[in-house]
$ cat start-v1.cif   # mmCIF, C-alpha atoms
data_data
#
loop_
_atom_site.group_PDB
_atom_site.id
_atom_site.type_symbol
_atom_site.label_atom_id
_atom_site.label_comp_id
_atom_site.auth_asym_id
_atom_site.auth_seq_id
_atom_site.Cartn_x
_atom_site.Cartn_y
_atom_site.Cartn_z
ATOM 1 C CA MET X 1 16.575 48.084 20.435
ATOM 2 C CA ARG X 2 16.820 46.469 23.828
ATOM 3 C CA THR X 3 13.094 46.966 24.409
ATOM 4 C CA LYS X 4 12.300 45.261 21.090
ATOM 5 C CA LYS X 5 14.542 42.284 21.943
ATOM 6 C CA THR X 6 12.968 41.946 25.382
ATOM 7 C CA LEU X 7 9.501 41.988 23.829
ATOM 8 C CA MET X 8 10.445 39.225 21.404
ATOM 9 C CA VAL X 9 11.764 37.065 24.255
ATOM 10 C CA LEU X 10 8.521 37.570 26.216
ATOM 11 C CA ILE X 11 6.416 36.625 23.185
ATOM 12 C CA ALA X 12 8.489 33.458 22.700
ATOM 13 C CA ILE X 13 8.032 32.509 26.366
ATOM 14 C CA ILE X 14 4.272 33.072 26.148
ATOM 15 C CA LEU X 15 4.002 30.927 23.000
ATOM 16 C CA LEU X 16 6.021 28.098 24.515
ATOM 17 C CA SER X 17 3.982 28.264 27.706
ATOM 18 C CA GLY X 18 0.789 28.112 25.673
ATOM 19 C CA MET X 19 1.996 25.035 23.824
ATOM 20 C CA PHE X 20 2.888 23.364 27.106
ATOM 21 C CA ILE X 21 -0.506 24.136 28.608
ATOM 22 C CA LEU X 22 -2.286 22.769 25.541
ATOM 23 C CA ASN X 23 -0.300 19.540 25.656
ATOM 24 C CA VAL X 24 -0.955 19.004 29.343
ATOM 25 C CA SER X 25 -4.655 19.778 29.222
ATOM 26 C CA ALA X 26 -5.442 18.065 25.916
ATOM 27 C CA ALA X 27 -8.013 15.284 26.094
ATOM 28 C CA ASP X 28 -7.897 12.275 23.828
ATOM 29 C CA ALA X 29 -10.500 12.436 21.078
ATOM 30 C CA TYR X 30 -11.119 9.521 18.753
ATOM 31 C CA THR X 31 -13.474 9.050 15.819
ATOM 32 C CA ILE X 32 -14.203 5.383 15.271
ATOM 33 C CA PRO X 33 -15.651 3.962 12.051
ATOM 34 C CA GLY X 34 -18.880 2.022 11.947
ATOM 35 C CA ALA X 35 -18.678 -1.716 11.300
ATOM 36 C CA ASN X 36 -20.431 -2.906 8.150
ATOM 37 C CA ASN X 37 -19.955 -6.419 9.492
ATOM 38 C CA ALA X 38 -20.354 -6.787 13.251
ATOM 39 C CA PRO X 39 -17.315 -8.303 14.993
ATOM 40 C CA VAL X 40 -17.688 -11.894 16.141
ATOM 41 C CA ILE X 41 -17.402 -11.844 19.941
ATOM 42 C CA ASP X 42 -14.822 -14.592 20.332
ATOM 43 C CA GLY X 43 -11.728 -12.876 21.734
ATOM 44 C CA LYS X 44 -10.166 -12.524 18.286
ATOM 45 C CA LEU X 45 -9.453 -9.126 16.765
ATOM 46 C CA ASP X 46 -11.628 -8.472 13.689
ATOM 47 C CA ASP X 47 -10.699 -6.142 10.827
ATOM 48 C CA SER X 48 -13.562 -3.775 11.662
ATOM 49 C CA TYR X 49 -11.839 -2.566 14.867
ATOM 50 C CA MET X 50 -9.823 0.659 14.970
ATOM 51 C CA LYS X 51 -6.963 1.027 17.441
ATOM 52 C CA LEU X 52 -7.596 3.798 19.961
ATOM 53 C CA HIS X 53 -4.169 3.657 21.557
ATOM 54 C CA ASP X 54 -1.372 1.544 22.931
ATOM 55 C CA PHE X 55 -1.108 1.727 26.714
ATOM 56 C CA TYR X 56 0.430 5.082 27.708
ATOM 57 C CA ASP X 57 0.635 6.230 24.079
ATOM 58 C CA CYS X 58 -2.178 8.677 24.827
ATOM 59 C CA GLU X 59 -3.127 11.537 27.155
ATOM 60 C CA ASN X 60 -5.851 10.401 29.530
ATOM 61 C CA TYR X 61 -4.066 7.650 31.454
ATOM 62 C CA LYS X 62 -3.229 7.488 35.165
ATOM 63 C CA THR X 63 -0.074 5.948 36.632
ATOM 64 C CA ILE X 64 -1.307 5.345 40.186
ATOM 65 C CA GLY X 65 -1.347 1.583 39.650
ATOM 66 C CA ASP X 66 1.704 1.417 37.374
ATOM 67 C CA ASP X 67 4.266 4.087 38.230
ATOM 68 C CA ASP X 68 6.915 2.820 35.828
ATOM 69 C CA LYS X 69 4.443 2.252 32.953
ATOM 70 C CA SER X 70 5.470 -1.372 32.689
ATOM 71 C CA ILE X 71 2.143 -2.834 31.552
ATOM 72 C CA LYS X 72 1.888 -3.240 27.777
ATOM 73 C CA GLY X 73 -1.253 -3.540 25.700
ATOM 74 C CA SER X 74 -3.639 -1.941 23.233
ATOM 75 C CA VAL X 75 -7.255 -0.775 23.091
ATOM 76 C CA TYR X 76 -9.541 -0.970 20.028
ATOM 77 C CA ALA X 77 -13.150 0.021 19.302
ATOM 78 C CA THR X 78 -15.855 0.122 16.660
ATOM 79 C CA TYR X 79 -19.661 0.325 16.617
ATOM 80 C CA ASP X 80 -22.820 -0.412 14.666
ATOM 81 C CA ALA X 81 -26.515 0.362 15.082
ATOM 82 C CA ASN X 82 -26.822 -2.150 17.928
ATOM 83 C CA ASN X 83 -23.609 -2.103 19.969
ATOM 84 C CA LEU X 84 -20.408 -0.424 21.002
ATOM 85 C CA TYR X 85 -17.541 -2.906 20.573
ATOM 86 C CA VAL X 86 -14.323 -2.740 22.621
ATOM 87 C CA PHE X 87 -11.302 -5.025 22.333
ATOM 88 C CA ILE X 88 -8.370 -4.956 24.764
ATOM 89 C CA ILE X 89 -5.075 -6.847 24.503
ATOM 90 C CA ALA X 90 -2.904 -6.931 27.625
ATOM 91 C CA ASP X 91 0.429 -8.538 28.437
ATOM 92 C CA THR X 92 -0.504 -10.633 31.479
ATOM 93 C CA PRO X 93 2.256 -12.718 33.133
ATOM 94 C CA VAL X 94 -0.182 -14.813 35.186
ATOM 95 C CA ASN X 95 -3.938 -15.234 34.909
ATOM 96 C CA ASP X 96 -5.704 -15.486 38.270
ATOM 97 C CA ALA X 97 -9.482 -15.329 38.581
ATOM 98 C CA TYR X 98 -10.874 -17.809 41.067
ATOM 99 C CA TYR X 99 -14.622 -18.399 41.112
ATOM 100 C CA ASP X 100 -16.248 -16.775 44.120
ATOM 101 C CA ASP X 101 -19.347 -14.749 44.924
ATOM 102 C CA ALA X 102 -18.338 -11.877 42.639
ATOM 103 C CA LEU X 103 -15.598 -10.829 40.242
ATOM 104 C CA SER X 104 -13.303 -8.545 42.259
ATOM 105 C CA MET X 105 -11.330 -5.776 40.603
ATOM 106 C CA GLY X 106 -8.862 -5.762 43.486
ATOM 107 C CA GLU X 107 -8.136 -9.482 43.486
ATOM 108 C CA PHE X 108 -8.785 -10.682 39.934
ATOM 109 C CA VAL X 109 -6.833 -10.465 36.714
ATOM 110 C CA CYS X 110 -9.514 -8.753 34.632
ATOM 111 C CA ALA X 111 -10.500 -5.871 32.353
ATOM 112 C CA TYR X 112 -13.103 -3.170 32.976
ATOM 113 C CA ILE X 113 -14.660 -0.479 30.832
ATOM 114 C CA ALA X 114 -16.719 2.480 32.054
ATOM 115 C CA ILE X 115 -18.840 4.607 29.754
ATOM 116 C CA LEU X 116 -20.653 7.901 30.024
ATOM 117 C CA GLY X 117 -23.457 8.117 27.493
ATOM 118 C CA THR X 118 -22.301 11.562 26.335
ATOM 119 C CA ALA X 119 -19.135 13.612 26.100
ATOM 120 C CA PRO X 120 -18.249 15.345 29.394
ATOM 121 C CA GLY X 121 -20.803 18.034 30.134
ATOM 122 C CA GLY X 122 -23.400 16.347 27.956
ATOM 123 C CA GLY X 123 -25.960 15.920 30.710
ATOM 124 C CA TYR X 124 -25.608 12.224 31.513
ATOM 125 C CA THR X 125 -27.393 10.596 34.444
ATOM 126 C CA ASP X 126 -27.046 7.266 36.254
ATOM 127 C CA ASP X 127 -29.093 5.755 33.440
ATOM 128 C CA SER X 128 -26.393 6.734 30.966
ATOM 129 C CA ARG X 129 -23.410 5.687 33.072
ATOM 130 C CA PHE X 130 -22.069 2.218 33.731
ATOM 131 C CA GLU X 131 -19.012 0.178 34.653
ATOM 132 C CA ILE X 132 -18.563 -3.495 33.730
ATOM 133 C CA GLY X 133 -15.792 -6.052 34.119
ATOM 134 C CA ILE X 134 -14.895 -9.401 32.566
ATOM 135 C CA ALA X 135 -12.371 -12.153 33.253
ATOM 136 C CA ILE X 136 -11.572 -15.750 32.466
ATOM 137 C CA GLY X 137 -11.532 -17.974 35.525
ATOM 138 C CA ASN X 138 -8.773 -20.338 36.537
ATOM 139 C CA ASP X 139 -11.125 -23.120 35.434
ATOM 140 C CA GLY X 140 -11.726 -21.481 32.037
ATOM 141 C CA ARG X 141 -15.101 -20.053 33.031
ATOM 142 C CA GLN X 142 -16.227 -16.765 31.439
ATOM 143 C CA MET X 143 -16.955 -14.212 34.189
ATOM 144 C CA TRP X 144 -18.783 -10.860 34.139
ATOM 145 C CA LYS X 145 -19.761 -8.085 36.519
ATOM 146 C CA THR X 146 -21.747 -4.841 36.503
ATOM 147 C CA CYS X 147 -20.698 -2.514 39.281
ATOM 148 C CA SER X 148 -21.962 1.007 38.679
ATOM 149 C CA PRO X 149 -24.302 2.650 39.387
ATOM 150 C CA GLY X 150 -25.516 0.863 42.491
ATOM 151 C CA ASN X 151 -28.904 -0.240 41.172
ATOM 152 C CA ILE X 152 -27.303 -2.422 38.472
ATOM 153 C CA ARG X 153 -24.587 -3.905 40.672
ATOM 154 C CA ASP X 154 -24.446 -7.622 39.840
ATOM 155 C CA SER X 155 -22.194 -10.502 38.818
ATOM 156 C CA ILE X 156 -22.113 -13.940 37.248
ATOM 157 C CA ALA X 157 -22.372 -15.476 40.717
ATOM 158 C CA GLU X 158 -25.051 -13.281 42.262
ATOM 159 C CA LYS X 159 -27.471 -12.675 39.343
ATOM 160 C CA ALA X 160 -29.495 -10.490 41.647
ATOM 161 C CA VAL X 161 -30.475 -8.049 38.906
ATOM 162 C CA PHE X 162 -29.667 -9.780 35.613
ATOM 163 C CA SER X 163 -30.388 -13.426 34.874
ATOM 164 C CA GLU X 164 -27.504 -13.204 32.411
ATOM 165 C CA ALA X 165 -24.947 -10.574 31.451
ATOM 166 C CA PRO X 166 -26.674 -7.508 29.929
ATOM 167 C CA PHE X 167 -23.881 -7.359 27.364
ATOM 168 C CA THR X 168 -21.956 -9.866 25.239
ATOM 169 C CA TYR X 169 -18.309 -10.621 25.962
ATOM 170 C CA PHE X 170 -15.541 -13.168 25.636
ATOM 171 C CA VAL X 171 -12.090 -13.524 27.194
ATOM 172 C CA VAL X 172 -9.206 -15.575 25.786
ATOM 173 C CA ARG X 173 -6.063 -16.503 27.688
ATOM 174 C CA ASP X 174 -2.956 -17.223 25.578
ATOM 175 C CA GLU X 175 -0.676 -18.919 28.072
ATOM 176 C CA ALA X 176 2.217 -19.303 25.635
ATOM 177 C CA ALA X 177 2.223 -15.601 24.699
ATOM 178 C CA LYS X 178 1.297 -14.490 28.255
ATOM 179 C CA LYS X 179 -1.513 -12.313 26.943
ATOM 180 C CA ASN X 180 -5.186 -11.868 27.764
ATOM 181 C CA TYR X 181 -7.685 -10.799 25.108
ATOM 182 C CA TYR X 182 -10.874 -9.089 26.303
ATOM 183 C CA GLU X 183 -13.800 -8.371 23.974
ATOM 184 C CA PHE X 184 -17.003 -6.475 24.836
ATOM 185 C CA ALA X 185 -20.187 -5.826 22.840
ATOM 186 C CA VAL X 186 -22.313 -3.367 24.823
ATOM 187 C CA PRO X 187 -25.849 -2.645 23.537
ATOM 188 C CA TRP X 188 -26.664 1.024 23.094
ATOM 189 C CA THR X 189 -29.779 0.315 25.144
ATOM 190 C CA PHE X 190 -27.444 -0.457 28.058
ATOM 191 C CA VAL X 191 -25.170 2.542 27.449
ATOM 192 C CA ASP X 192 -28.284 4.691 27.909
ATOM 193 C CA ARG X 193 -30.945 2.755 29.812
ATOM 194 C CA SER X 194 -33.320 5.751 29.803
ATOM 195 C CA GLY X 195 -33.718 5.688 26.023
ATOM 196 C CA THR X 196 -32.931 9.412 25.875
ATOM 197 C CA PHE X 197 -30.083 9.292 23.369
ATOM 198 C CA ILE X 198 -29.882 7.921 19.844
ATOM 199 C CA TYR X 199 -26.431 6.615 18.938
ATOM 200 C CA LYS X 200 -25.509 7.221 15.327
ATOM 201 C CA GLU X 201 -22.846 8.977 13.288
ATOM 202 C CA GLY X 202 -21.782 12.121 15.157
ATOM 203 C CA SER X 203 -22.838 10.908 18.625
ATOM 204 C CA GLN X 204 -20.252 11.090 21.414
ATOM 205 C CA ILE X 205 -19.477 9.102 24.548
ATOM 206 C CA THR X 206 -16.787 9.264 27.244
ATOM 207 C CA PHE X 207 -14.610 6.162 27.433
ATOM 208 C CA ASN X 208 -12.633 4.729 30.385
ATOM 209 C CA CYS X 209 -10.943 1.352 30.805
ATOM 210 C CA LEU X 210 -8.762 -0.585 33.222
ATOM 211 C CA VAL X 211 -6.654 -3.734 32.948
ATOM 212 C CA ASN X 212 -5.529 -5.442 36.139
ATOM 213 C CA VAL X 213 -2.508 -7.765 35.912
ATOM 214 C CA HIS X 214 -1.757 -8.435 39.582
ATOM 215 C CA VAL X 215 -2.802 -11.717 41.170
ATOM 216 C CA ARG X 216 -4.679 -12.064 44.416
ATOM 217 C CA GLU X 217 -1.684 -13.012 46.590
ATOM 218 C CA GLU X 218 0.295 -9.975 45.450
ATOM 219 C CA TYR X 219 -2.556 -7.655 46.280
ATOM 220 C CA LEU X 220 -3.429 -9.215 49.650
ATOM 221 C CA SER X 221 0.185 -9.367 50.811
ATOM 222 C CA SER X 222 1.300 -5.907 49.707
ATOM 223 C CA GLY X 223 -1.914 -3.950 49.233
ATOM 224 C CA GLN X 224 -0.306 -2.522 46.100
ATOM 225 C CA PRO X 225 -2.423 -3.230 43.028
ATOM 226 C CA HIS X 226 -0.769 -3.345 39.628
ATOM 227 C CA PHE X 227 -3.019 -2.123 36.806
ATOM 228 C CA TYR X 228 -3.263 0.122 33.761
ATOM 229 C CA GLU X 229 -6.041 2.712 33.968
ATOM 230 C CA TYR X 230 -7.271 4.919 31.156
ATOM 231 C CA GLY X 231 -9.447 7.804 32.300
ATOM 232 C CA GLY X 232 -10.877 7.420 35.779
ATOM 233 C CA GLY X 233 -13.846 6.359 37.830
ATOM 234 C CA ILE X 234 -12.960 2.669 37.781
ATOM 235 C CA TRP X 235 -10.217 2.885 40.392
ATOM 236 C CA ASN X 236 -9.121 6.525 40.554
ATOM 237 C CA GLY X 237 -10.612 9.892 39.711
ATOM 238 C CA GLY X 238 -13.880 10.282 37.834
ATOM 239 C CA TYR X 239 -15.528 9.046 34.670
ATOM 240 C CA GLU X 240 -15.195 12.453 33.022
ATOM 241 C CA ASP X 241 -11.417 11.932 32.940
ATOM 242 C CA GLY X 242 -11.826 9.524 30.024
ATOM 243 C CA GLY X 243 -11.270 10.103 26.333
ATOM 244 C CA ILE X 244 -14.032 11.267 23.995
ATOM 245 C CA ILE X 245 -15.163 8.839 21.301
ATOM 246 C CA THR X 246 -17.132 10.180 18.345
ATOM 247 C CA LEU X 247 -19.066 7.728 16.193
ATOM 248 C CA GLY X 248 -17.820 8.156 12.646
ATOM 249 C CA ALA X 249 -19.020 7.155 9.214
ATOM 250 C CA TYR X 250 -19.277 3.605 7.956
ATOM 251 C CA PRO X 251 -16.631 2.657 5.382
ATOM 252 C CA PRO X 252 -18.021 2.529 1.829
ATOM 253 C CA ILE X 253 -18.988 -0.948 0.735
ATOM 254 C CA VAL X 254 -16.893 -1.920 -2.263
ATOM 255 C CA VAL X 255 -18.831 -3.973 -4.805
ATOM 256 C CA GLU X 256 -16.515 -5.981 -6.985
ATOM 257 C CA GLU X 257 -17.583 -5.821 -10.625
ATOM 258 C CA ILE X 258 -16.820 -8.793 -12.847
ATOM 259 C CA VAL X 259 -16.160 -7.512 -16.381
ATOM 260 C CA GLU X 260 -16.051 -10.160 -19.107
ATOM 261 C CA GLU X 261 -13.428 -9.202 -21.661
ATOM 262 C CA LEU X 262 -14.330 -9.748 -25.321
ATOM 263 C CA PRO X 263 -11.666 -11.415 -27.468
ATOM 264 C CA ASP X 264 -9.616 -9.231 -29.788
ATOM 265 C CA ILE X 265 -10.775 -9.273 -33.429
ATOM 266 C CA ALA X 266 -7.363 -10.515 -34.501
ATOM 267 C CA ASP X 267 -7.822 -13.494 -32.229
ATOM 268 C CA VAL X 268 -11.198 -14.436 -33.716
ATOM 269 C CA VAL X 269 -10.955 -17.380 -36.159
ATOM 270 C CA THR X 270 -13.610 -17.328 -38.892
ATOM 271 C CA VAL X 271 -14.873 -20.795 -39.637
ATOM 272 C CA THR X 272 -16.469 -21.262 -43.088
ATOM 273 C CA PRO X 273 -18.894 -24.167 -43.190
ATOM 274 C CA THR X 274 -18.001 -26.746 -45.816
ATOM 275 C CA VAL X 275 -20.483 -28.637 -47.952
ATOM 276 C CA PRO X 276 -19.528 -32.254 -48.240
ATOM 277 C CA PRO X 277 -18.958 -33.317 -51.876
ATOM 278 C CA ILE X 278 -21.448 -35.627 -53.524
ATOM 279 C CA SER X 279 -20.038 -39.070 -53.254
ATOM 280 C CA PRO X 280 -19.852 -41.347 -56.349
ATOM 281 C CA GLN X 281 -22.550 -43.547 -54.913
ATOM 282 C CA THR X 282 -24.870 -40.569 -54.647
ATOM 283 C CA SER X 283 -24.141 -39.528 -58.295
ATOM 284 C CA ASP X 284 -24.885 -43.014 -59.628
ATOM 285 C CA THR X 285 -28.154 -43.098 -57.763
ATOM 286 C CA ILE X 286 -29.276 -39.821 -59.316
ATOM 287 C CA ALA X 287 -28.281 -40.947 -62.852
ATOM 288 C CA LEU X 288 -30.220 -44.171 -62.456
ATOM 289 C CA PHE X 289 -33.234 -42.219 -61.256
ATOM 290 C CA VAL X 290 -33.061 -39.961 -64.343
ATOM 291 C CA ILE X 291 -32.796 -42.937 -66.757
ATOM 292 C CA LEU X 292 -35.781 -44.632 -65.188
ATOM 293 C CA ALA X 293 -37.797 -41.422 -65.389
ATOM 294 C CA ILE X 294 -36.977 -41.021 -69.134
ATOM 295 C CA ALA X 295 -37.889 -44.659 -69.811
ATOM 296 C CA ALA X 296 -41.192 -44.230 -68.037
ATOM 297 C CA LEU X 297 -42.041 -41.104 -70.030
ATOM 298 C CA SER X 298 -41.100 -42.849 -73.337
ATOM 299 C CA PHE X 299 -43.310 -45.803 -72.494
ATOM 300 C CA ILE X 300 -46.249 -43.491 -71.770
ATOM 301 C CA ALA X 301 -45.748 -41.623 -75.035
ATOM 302 C CA ALA X 302 -45.646 -44.842 -77.098
ATOM 303 C CA LYS X 303 -48.850 -45.982 -75.531
ATOM 304 C CA LYS X 304 -50.559 -42.769 -76.506
ATOM 305 C CA ARG X 305 -49.399 -43.096 -80.189
ATOM 306 C CA LYS X 306 -50.848 -46.634 -80.444
ATOM 307 C CA ALA X 307 -54.109 -45.393 -79.078
#
$ encode --input "start-v1.cif" --output "structure tokens"
Amino acid sequence: MRTKKTLMVLIAIILLSGMFILNVSAADAYTIPGANNAPVIDGKLDDSYMKLHDFYDCENYKTIGDDDKSIKGSVYATYDANNLYVFIIADTPVNDAYYDDALSMGEFVCAYIAILGTAPGGGYTDDSRFEIGIAIGNDGRQMWKTCSPGNIRDSIAEKAVFSEAPFTYFVVRDEAAKKNYYEFAVPWTFVDRSGTFIYKEGSQITFNCLVNVHVREEYLSSGQPHFYEYGGGIWNGGYEDGGIITLGAYPPIVVEEIVEELPDIADVVTVTPTVPPISPQTSDTIALFVILAIAALSFIAAKKRKA
């Protein structure tokens, strides 16, 4: 009896330990729908986006830049045949992005995303790996940067590799709400610059992002950056620490049918055409015509008798 009870306790411990291990080691996995209508890249959240997670309401985050998990925000994504779309909302007390020789992750209020062109272990190379950042300057200027791998390292100021940003983006600052809105549209041809992979339903990528909310003075004076990081490779860890995004199906297109309802038979009013009565004037005219015709015939007959 005692042996049986001991065995049951051991089994319970093993099961609980297994659950704990699964929870700790689980990686975020998202399936995002395709967008029948591409989002407009204007810093406004379109209906086609799906929320991936609220900050820290997920598995693959790091707390190195935000020990108390104080930064609030959300991450969204969708895709179509041309682009991967990412939208990030972040509570941002102060916006600070001065215009200099390059957008700096350490000193700017900004957002970054980093993508591996496959799920971890999928055989990516430098041509299917990238890291890009965007910000809105203190003067309202839209700012971009590519910073990984080294041969595509560039920025809005330098333009050493790209004459313009190799992706589409827009950042909106809402000063009243103290929020920044970051929107990216990254061409699949940039996700994989080798042209090896075809991105369609069922394809997978590894997703990382970072939102920096500290201003330059805070960072330079304390050396303690304040940021939310999902995955790794942007500031800490490696790109393979990110969540796995699977490209899902496109929502069915609903065609609205306009059906014209026929009226109920009981509601149909039958209209019988009426023939207007012959007026007295019309009757008199006919009678006169008949009398004249009879007189003419009588005259002709009399003429014949005399002949």
$ residues_around --input "start-v1.cif" --residues "Phe167 (chain X)" --least-positions-apart "6" --cutoff "7 Å" --atoms "all atoms listed in the file" --output "PDB file with C-alpha atoms, in the frame of the given file"
ATOM      1  CA  ALA X 185     -20.187  -5.826  22.840  1.00  0.00           C
ATOM      2  CA  VAL X 186     -22.313  -3.367  24.823  1.00  0.00           C
ATOM      3  CA  PRO X 187     -25.849  -2.645  23.537  1.00  0.00           C
TER       4      PRO X 187
END
$ atom_distance --input "start-v1.cif" --atom1 "CA of Asp42 (chain X)" --atom2 "CA of Ser70 (chain X)"
27.2 Å
$ atom_distance --input "start-v1.cif" --atom1 "CA of Glu164 (chain X)" --atom2 "CA of Trp144 (chain X)"
9.2 Å
$ resolve_selection --input "start-v1.cif" --expression "the PyMOL selection byres ((chain X and resi 106) around 12)" --output "PyMOL selection string"
chain X and resi 65+96-97+102-105+107-112+133+210-220+222-227+234-235
$ residues_around --input "start-v1.cif" --residues "Asn151 (chain X)" --least-positions-apart "5" --cutoff "12 Å" --atoms "only C-alpha atoms" --output "PDB file with C-alpha atoms, keeping the file's coordinate frame"
ATOM      1  CA  ASP X 126     -27.046   7.266  36.254  1.00  0.00           C
ATOM      2  CA  ASP X 127     -29.093   5.755  33.440  1.00  0.00           C
ATOM      3  CA  ARG X 129     -23.410   5.687  33.072  1.00  0.00           C
ATOM      4  CA  PHE X 130     -22.069   2.218  33.731  1.00  0.00           C
ATOM      5  CA  GLU X 131     -19.012   0.178  34.653  1.00  0.00           C
ATOM      6  CA  THR X 146     -21.747  -4.841  36.503  1.00  0.00           C
ATOM      7  CA  ALA X 160     -29.495 -10.490  41.647  1.00  0.00           C
ATOM      8  CA  VAL X 161     -30.475  -8.049  38.906  1.00  0.00           C
ATOM      9  CA  PHE X 162     -29.667  -9.780  35.613  1.00  0.00           C
ATOM     10  CA  ARG X 193     -30.945   2.755  29.812  1.00  0.00           C
TER      11      ARG X 193
END
$ closest_residue --input "start-v1.cif" --among "X:Thr196, X:Ser148, X:Ser155, X:Thr118" --to "Gly242 (chain X)" --atoms "all atoms listed in the file"
X:Thr118
$ atom_distance --input "start-v1.cif" --atom1 "CA of Thr63 (chain X)" --atom2 "CA of Ile115 (chain X)"
20.0 Å
$ resolve_selection --input "start-v1.cif" --expression "the PyMOL selection byres ((chain X and resi 239) around 8)" --output "PyMOL selection string"
chain X and resi 114-116+206-208+231-234+237-238+240-242
$ residues_near_point --input "start-v1.cif" --point "(-13.8, 2.5, 6.3)" --cutoff "7 Å" --atoms "only C-alpha atoms" --output "PyMOL selection string"
chain X and resi 33+250-252
$ resolve_selection --input "start-v1.cif" --expression "the PyMOL selection byres ((chain X and resi 80) around 10)" --output "compact mmCIF listing (two decimals) with C-alpha atoms, in the coordinates of the input"
# COMPACT_ATOMS: atom_id res chain seq x y z
CA PRO X 33 -15.65 3.96 12.05
CA GLY X 34 -18.88 2.02 11.95
CA ALA X 35 -18.68 -1.72 11.30
CA ASN X 36 -20.43 -2.91 8.15
CA ASN X 37 -19.95 -6.42 9.49
CA ALA X 38 -20.35 -6.79 13.25
CA PRO X 39 -17.32 -8.30 14.99
CA THR X 78 -15.86 0.12 16.66
CA TYR X 79 -19.66 0.32 16.62
CA ALA X 81 -26.52 0.36 15.08
CA ASN X 82 -26.82 -2.15 17.93
CA ASN X 83 -23.61 -2.10 19.97
CA LEU X 84 -20.41 -0.42 21.00
CA TYR X 85 -17.54 -2.91 20.57
CA PRO X 187 -25.85 -2.64 23.54
CA TRP X 188 -26.66 1.02 23.09
CA TYR X 199 -26.43 6.62 18.94
CA LYS X 200 -25.51 7.22 15.33
CA GLU X 201 -22.85 8.98 13.29
CA LEU X 247 -19.07 7.73 16.19
CA TYR X 250 -19.28 3.60 7.96
$ residues_around --input "start-v1.cif" --residues "Cys147 (chain X)" --least-positions-apart "5" --cutoff "7 Å" --atoms "only C-alpha atoms" --output "number ranges by chain"
X: 131-132, 152-154
$ closest_residue --input "start-v1.cif" --among "X:Arg173, X:Lys62, X:Lys44, X:Lys178" --to "Glu229 (chain X)" --atoms "all atoms listed in the file"
X:Lys62
$ closest_residue --input "start-v1.cif" --among "X:Ile198, X:Pro166, X:Tyr228, X:Glu256" --to "Phe55 (chain X)" --atoms "only C-alpha atoms"
X:Tyr228
